[in-house]
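K.L.:
Structure file data-v7.cif (mmCIF, C-alpha atoms) right here:
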data_upload
#
loop_
_atom_site.label_atom_id
_atom_site.label_comp_id
_atom_site.auth_asym_id
_atom_site.auth_seq_id
_atom_site.Cartn_x
_atom_site.Cartn_y
_atom_site.Cartn_z
CA MET A 1 31.45 46.41 11.58
CA LYS A 2 32.81 42.88 11.07
CA ARG A 3 30.52 41.58 13.81
CA LYS A 4 27.47 43.22 12.19
CA LEU A 5 28.43 41.71 8.82
CA ALA A 6 28.83 38.26 10.43
CA TRP A 7 25.36 38.52 12.02
CA THR A 8 23.88 39.68 8.73
CA LEU A 9 25.46 36.72 6.87
CA ALA A 10 24.30 34.27 9.56
CA ALA A 11 20.74 35.63 9.42
CA ALA A 12 20.75 35.45 5.62
CA SER A 13 22.02 31.85 5.77
CA LEU A 14 19.31 30.83 8.24
CA PHE A 15 16.63 32.56 6.15
CA SER A 16 17.90 30.82 3.01
CA ALA A 17 18.01 27.45 4.75
CA GLY A 18 14.45 27.94 6.04
CA TYR A 19 13.31 28.96 2.57
CA LEU A 20 14.94 25.87 1.02
CA VAL A 21 13.34 23.57 3.60
CA ALA A 22 9.95 25.18 2.94
CA GLN A 23 10.48 24.76 -0.79
CA GLN A 24 11.44 21.09 -0.37
CA ASN A 25 8.39 20.42 1.80
CA ALA A 26 6.18 22.15 -0.76
CA THR A 27 7.44 20.05 -3.67
CA HIS A 28 5.23 17.04 -2.92
CA ASP A 29 2.24 18.48 -4.74
CA ILE A 30 1.33 19.55 -8.25
CA ARG A 31 -0.92 22.24 -9.69
CA ARG A 32 -3.98 20.69 -11.35
CA VAL A 33 -6.36 22.64 -13.61
CA VAL A 34 -9.59 20.95 -14.77
CA THR A 35 -11.98 22.57 -17.25
CA LYS A 36 -15.69 22.08 -17.90
CA LEU A 37 -18.60 23.57 -19.82
CA ASP A 38 -20.95 25.86 -17.90
CA PRO A 39 -24.75 25.73 -18.46
CA SER A 40 -24.43 28.09 -21.45
CA GLY A 41 -21.81 25.85 -23.09
CA LYS A 42 -18.88 28.15 -22.34
CA ALA A 43 -15.50 26.64 -21.33
CA VAL A 44 -14.59 27.55 -17.75
CA VAL A 45 -12.20 26.38 -15.04
CA MET A 46 -13.76 23.76 -12.77
CA LEU A 47 -10.72 23.23 -10.50
CA ASP A 48 -7.43 25.08 -10.09
CA GLU A 49 -5.60 23.80 -7.05
CA ARG A 50 -2.48 22.24 -5.59
CA THR A 51 -3.00 18.47 -5.46
CA PRO A 52 -0.87 16.76 -2.78
CA LEU A 53 1.25 13.74 -3.62
CA MET A 54 0.85 11.16 -0.83
CA ARG A 55 2.79 8.05 0.24
CA PRO A 56 0.11 5.33 0.13
CA ARG A 57 2.38 2.30 -0.26
CA GLY A 58 5.90 3.25 0.62
CA PRO A 59 8.70 5.59 -0.35
CA THR A 60 7.13 6.93 -3.56
CA TYR A 61 4.92 10.03 -3.55
CA VAL A 62 1.81 9.45 -5.68
CA GLY A 63 -1.11 11.61 -6.71
CA ASN A 64 -4.04 10.62 -8.91
CA LEU A 65 -5.05 13.62 -11.01
CA TRP A 66 -8.05 12.12 -12.84
CA VAL A 67 -9.78 8.74 -13.16
CA THR A 68 -12.25 7.54 -15.78
CA GLU A 69 -14.41 4.44 -15.46
CA ALA A 70 -15.24 3.79 -19.13
CA SER A 71 -13.89 4.30 -22.63
CA PRO A 72 -14.86 6.53 -24.27
CA PRO A 73 -15.27 8.56 -21.08
CA ASP A 74 -18.31 10.60 -20.23
CA PHE A 75 -18.06 14.07 -18.73
CA SER A 76 -19.07 15.19 -15.29
CA TRP A 77 -19.16 18.90 -14.76
CA SER A 78 -19.23 18.63 -10.98
CA ALA A 79 -17.46 15.47 -9.74
CA ASP A 80 -13.74 15.62 -8.93
CA ARG A 81 -12.78 12.29 -10.44
CA ALA A 82 -9.34 12.39 -8.84
CA LYS A 83 -11.16 11.35 -5.66
CA THR A 84 -12.32 8.04 -7.25
CA LYS A 85 -10.98 5.24 -5.01
CA ILE A 86 -8.73 2.85 -6.95
CA GLY A 87 -5.55 0.86 -6.35
CA LEU A 88 -2.57 0.77 -8.67
CA MET A 89 -4.71 -0.26 -11.66
CA PRO A 90 -7.31 1.90 -13.44
CA PRO A 91 -10.96 0.79 -13.30
CA LYS A 92 -11.96 -1.95 -15.76
CA GLY A 93 -12.33 -0.22 -19.13
CA GLY A 94 -11.10 3.06 -17.64
CA SER A 95 -7.96 5.10 -17.13
CA VAL A 96 -5.95 6.91 -14.47
CA PHE A 97 -3.75 9.99 -14.82
CA ARG A 98 -1.23 10.17 -11.98
CA VAL A 99 2.11 11.66 -10.97
CA VAL A 100 4.72 9.59 -9.12
CA GLU A 101 7.96 10.74 -7.46
CA PHE A 102 10.52 7.93 -7.29
CA PRO A 103 13.15 8.13 -4.52
CA PRO A 104 16.68 6.78 -4.89
CA GLU A 105 16.86 2.98 -5.32
CA SER A 106 18.29 2.32 -1.83
CA GLU A 107 15.27 3.97 -0.17
CA ALA A 108 12.82 2.08 -2.40
CA LEU A 109 14.48 -1.29 -1.74
CA ALA A 110 14.71 -0.66 2.01
CA HIS A 111 10.95 -0.12 2.08
CA MET A 112 10.20 -3.27 0.06
CA GLY A 113 12.08 -5.47 2.53
CA LYS A 114 11.65 -9.06 1.34
CA GLY A 115 8.57 -8.23 -0.74
CA ASN A 116 8.42 -7.14 -4.36
CA MET A 117 6.47 -4.71 -6.49
CA GLN A 118 4.60 -7.46 -8.35
CA ASP A 119 2.88 -8.36 -5.05
CA VAL A 120 1.48 -4.82 -4.97
CA VAL A 121 -0.01 -5.29 -8.46
CA GLY A 122 -1.55 -8.64 -7.52
CA ALA A 123 -2.74 -11.47 -9.75
CA ALA A 124 -5.89 -9.64 -10.91
CA GLY A 125 -3.86 -6.89 -12.58
CA THR A 126 -1.04 -9.04 -13.96
CA PRO A 127 -1.02 -10.28 -17.58
CA ALA A 128 -0.71 -14.04 -18.05
CA LYS A 129 2.27 -13.64 -20.39
CA GLY A 130 5.67 -12.62 -19.09
CA VAL A 131 8.80 -14.00 -17.50
CA PRO A 132 9.62 -13.91 -13.75
CA ALA A 133 10.88 -10.58 -12.41
CA ARG A 134 14.65 -10.14 -12.14
CA HIS A 135 14.52 -7.23 -9.66
CA PRO A 136 12.33 -6.64 -6.56
CA LEU A 137 10.90 -3.44 -8.10
CA MET A 138 10.02 -5.15 -11.40
CA HIS A 139 6.33 -5.58 -12.22
CA ARG A 140 3.86 -5.66 -15.10
CA THR A 141 0.26 -4.54 -15.39
CA ARG A 142 -2.46 -5.27 -17.92
CA THR A 143 -2.40 -1.67 -19.11
CA LEU A 144 -1.13 0.55 -21.87
CA ASP A 145 1.00 3.16 -20.08
CA TYR A 146 2.12 6.55 -21.33
CA ALA A 147 4.93 7.99 -19.17
CA ILE A 148 6.44 11.48 -19.35
CA ILE A 149 9.62 12.14 -17.33
CA MET A 150 8.95 15.54 -15.73
CA SER A 151 12.12 16.01 -13.67
CA GLY A 152 15.21 14.10 -12.63
CA GLU A 153 16.65 10.96 -14.21
CA ILE A 154 15.74 7.27 -13.94
CA ASP A 155 16.57 3.88 -15.46
CA MET A 156 13.82 1.64 -16.83
CA LEU A 157 14.93 -1.93 -16.26
CA LEU A 158 13.45 -4.50 -18.68
CA ASP A 159 13.74 -8.29 -18.98
CA GLU A 160 16.88 -7.68 -21.02
CA GLY A 161 18.80 -4.45 -20.64
CA GLU A 162 17.71 -1.05 -19.44
CA VAL A 163 17.03 2.44 -20.77
CA HIS A 164 18.28 5.66 -19.15
CA LEU A 165 15.64 8.42 -19.17
CA LYS A 166 15.83 12.16 -18.43
CA ALA A 167 13.33 15.01 -18.08
CA GLY A 168 11.48 15.46 -21.37
CA ASP A 169 11.73 11.79 -22.42
CA VAL A 170 8.57 9.74 -22.93
CA VAL A 171 7.80 6.01 -22.73
CA VAL A 172 4.98 3.90 -24.18
CA GLN A 173 4.73 0.66 -22.23
CA GLN A 174 2.60 -2.21 -23.53
CA ALA A 175 1.95 -4.50 -20.54
CA THR A 176 5.66 -5.35 -20.21
CA ASN A 177 7.86 -6.21 -17.24
CA HIS A 178 9.69 -3.12 -15.99
CA ALA A 179 11.22 -1.55 -12.91
CA TRP A 180 11.85 2.15 -12.27
CA ILE A 181 15.37 2.40 -10.78
CA ASN A 182 16.51 5.80 -9.55
CA ARG A 183 20.29 5.56 -9.18
CA GLY A 184 20.69 9.27 -8.50
CA GLY A 185 20.47 11.22 -5.27
CA ALA A 186 17.35 13.28 -6.09
CA PRO A 187 13.75 12.16 -6.69
CA CYS A 188 12.53 11.60 -10.24
CA ARG A 189 8.99 12.79 -11.06
CA ILE A 190 7.01 10.99 -13.80
CA ALA A 191 3.49 11.63 -15.12
CA PHE A 192 1.64 8.42 -16.07
CA ILE A 193 -1.55 7.74 -18.00
CA LEU A 194 -2.61 4.09 -17.55
CA LEU A 195 -5.31 2.69 -19.84
CA ASP A 196 -7.00 -0.60 -19.03
CA SER A 197 -6.33 -3.06 -21.86
CA GLN A 198 -7.06 -6.49 -23.20
CA GLU A 199 -4.97 -9.51 -22.19
CA PRO A 200 -1.73 -9.30 -24.23
#
For this file, write the structure as structure tokens.

P.N.:
Amino acid sequence: MKRKLAWTLAAASLFSAGYLVAQQNATHDIRRVVTKLDPSGKAVVMLDERTPLMRPRGPTYVGNLWVTEASPPDFSWSADRAKTKIGLMPPKGGSVFRVVEFPPESEALAHMGKGNMQDVVGAAGTPAKGVPARHPLMHRTRTLDYAIIMSGEIDMLLDEGEVHLKAGDVVVQQATNHAWINRGGAPCRIAFILLDSQEP
């Protein structure tokens, strides 16, 4: 009886471990629902799918959920605008809605090596005003950014001081120097809306 119980517990443990691994592997995506008007003018679902978060530039998982190329935006009832090819910045006069998962700071810094995040932004996307970065992950973009902390915790490092943020907190960033520093052991997921802006 004891042996049967031990085998049952071992099997349950292995099943649970496999389930947890599958769950962890499945966390690098997000459900995305996009609506549109059909030919009769009725609101319908255009897309309802799991959108993968990829690692295009390093340790962070990133997924663009929608991109516009003008403001005010027009509407396309057929094009999946998440597939619009862009870099970190939204198109000139446009916007990008994306989700980013930030790993712990040590992993992010190990990936950067001797580089820094401002190099990723590049001169074309950097405002003329601003002081030199005080951390390798610090950067600024010529955008108005809305950020919603979806899960986890993170510190937003500024030129002076920092702000600790948790799930449910929001940030409005106006083309300022900042670095996202995850000092915890778990990833932090943030939804961002970046709007192209004038030179500050």

K.L.:
Select, counting all atoms listed in the file, all protein, DNA and RNA residues no farther than 12 Å from (2.8, 11.7, -0.3) in file coordinates, and express the selection as a PyMOL selection string.

P.N.:
chain A and resi 25-30+51-64+99-103

K.L.:
I'd like the neighbourhood of region 136-149 of chain A as a PyMOL selection string, where a residue qualifies if any of its atoms comes within 7 Å (using only C-alpha atoms), though same-chain residues fewer than 6 positions away should be ignored.

P.N.:
chain A and resi 116-118+121+125-127+166-179+189-197+199

K.L.:
What is the distance, in Å and to one decimal place, between CA of Phe97 (chain A) and CA of Met150 (chain A)?

P.N.:
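Spanning CA of Phe97 (chain A) to CA of Met150 (chain A) is a straight-line distance of 13.9 Å.
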
K.L.:
How far is it from CA of Gly184 (chain A) to CA of Ser106 (chain A), in Å with one decimal?

P.N.:
9.9 Å

K.L.:
Determine the residue membership of the PyMOL selection byres ((chain A and resi 94) around 6) for the file above and supply it as a list in words.

P.N.:
Thr68, Glu69, Ala70, Ser71, Pro90, Pro91, Lys92, Gly93, Ser95 and Asp196 of chain A

K.L.:
Go ahead and compute the interatomic distance for CA of Gly41 (chain A) and CA of Asp80 (chain A), in Å to one decimal.

P.N.:
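Computed distance, CA of Gly41 (chain A) to CA of Asp80 (chain A), equals 19.2 Å.
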
K.L.:
Measuring atom to atom with only C-alpha atoms, identify which of A:Val67, A:Trp77, A:Gly152, A:Asp119 is nearest to Ala43 (chain A).

P.N.:
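Closest residue, counting only C-alpha atoms: A:Trp77.
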
K.L.:
Between A:Arg134, A:Arg32, A:Lys129, A:Arg183, single out the one closest to Glu153 (chain A), counting all atoms listed in the file.

P.N.:
A:Arg183

K.L.:
Out of A:Val44, A:Ala186, A:Val34, A:Ala123, which residue has the shortest atom-to-atom distance to Ala79 (chain A) when counting all atoms listed in the file?

P.N.:
A:Val34
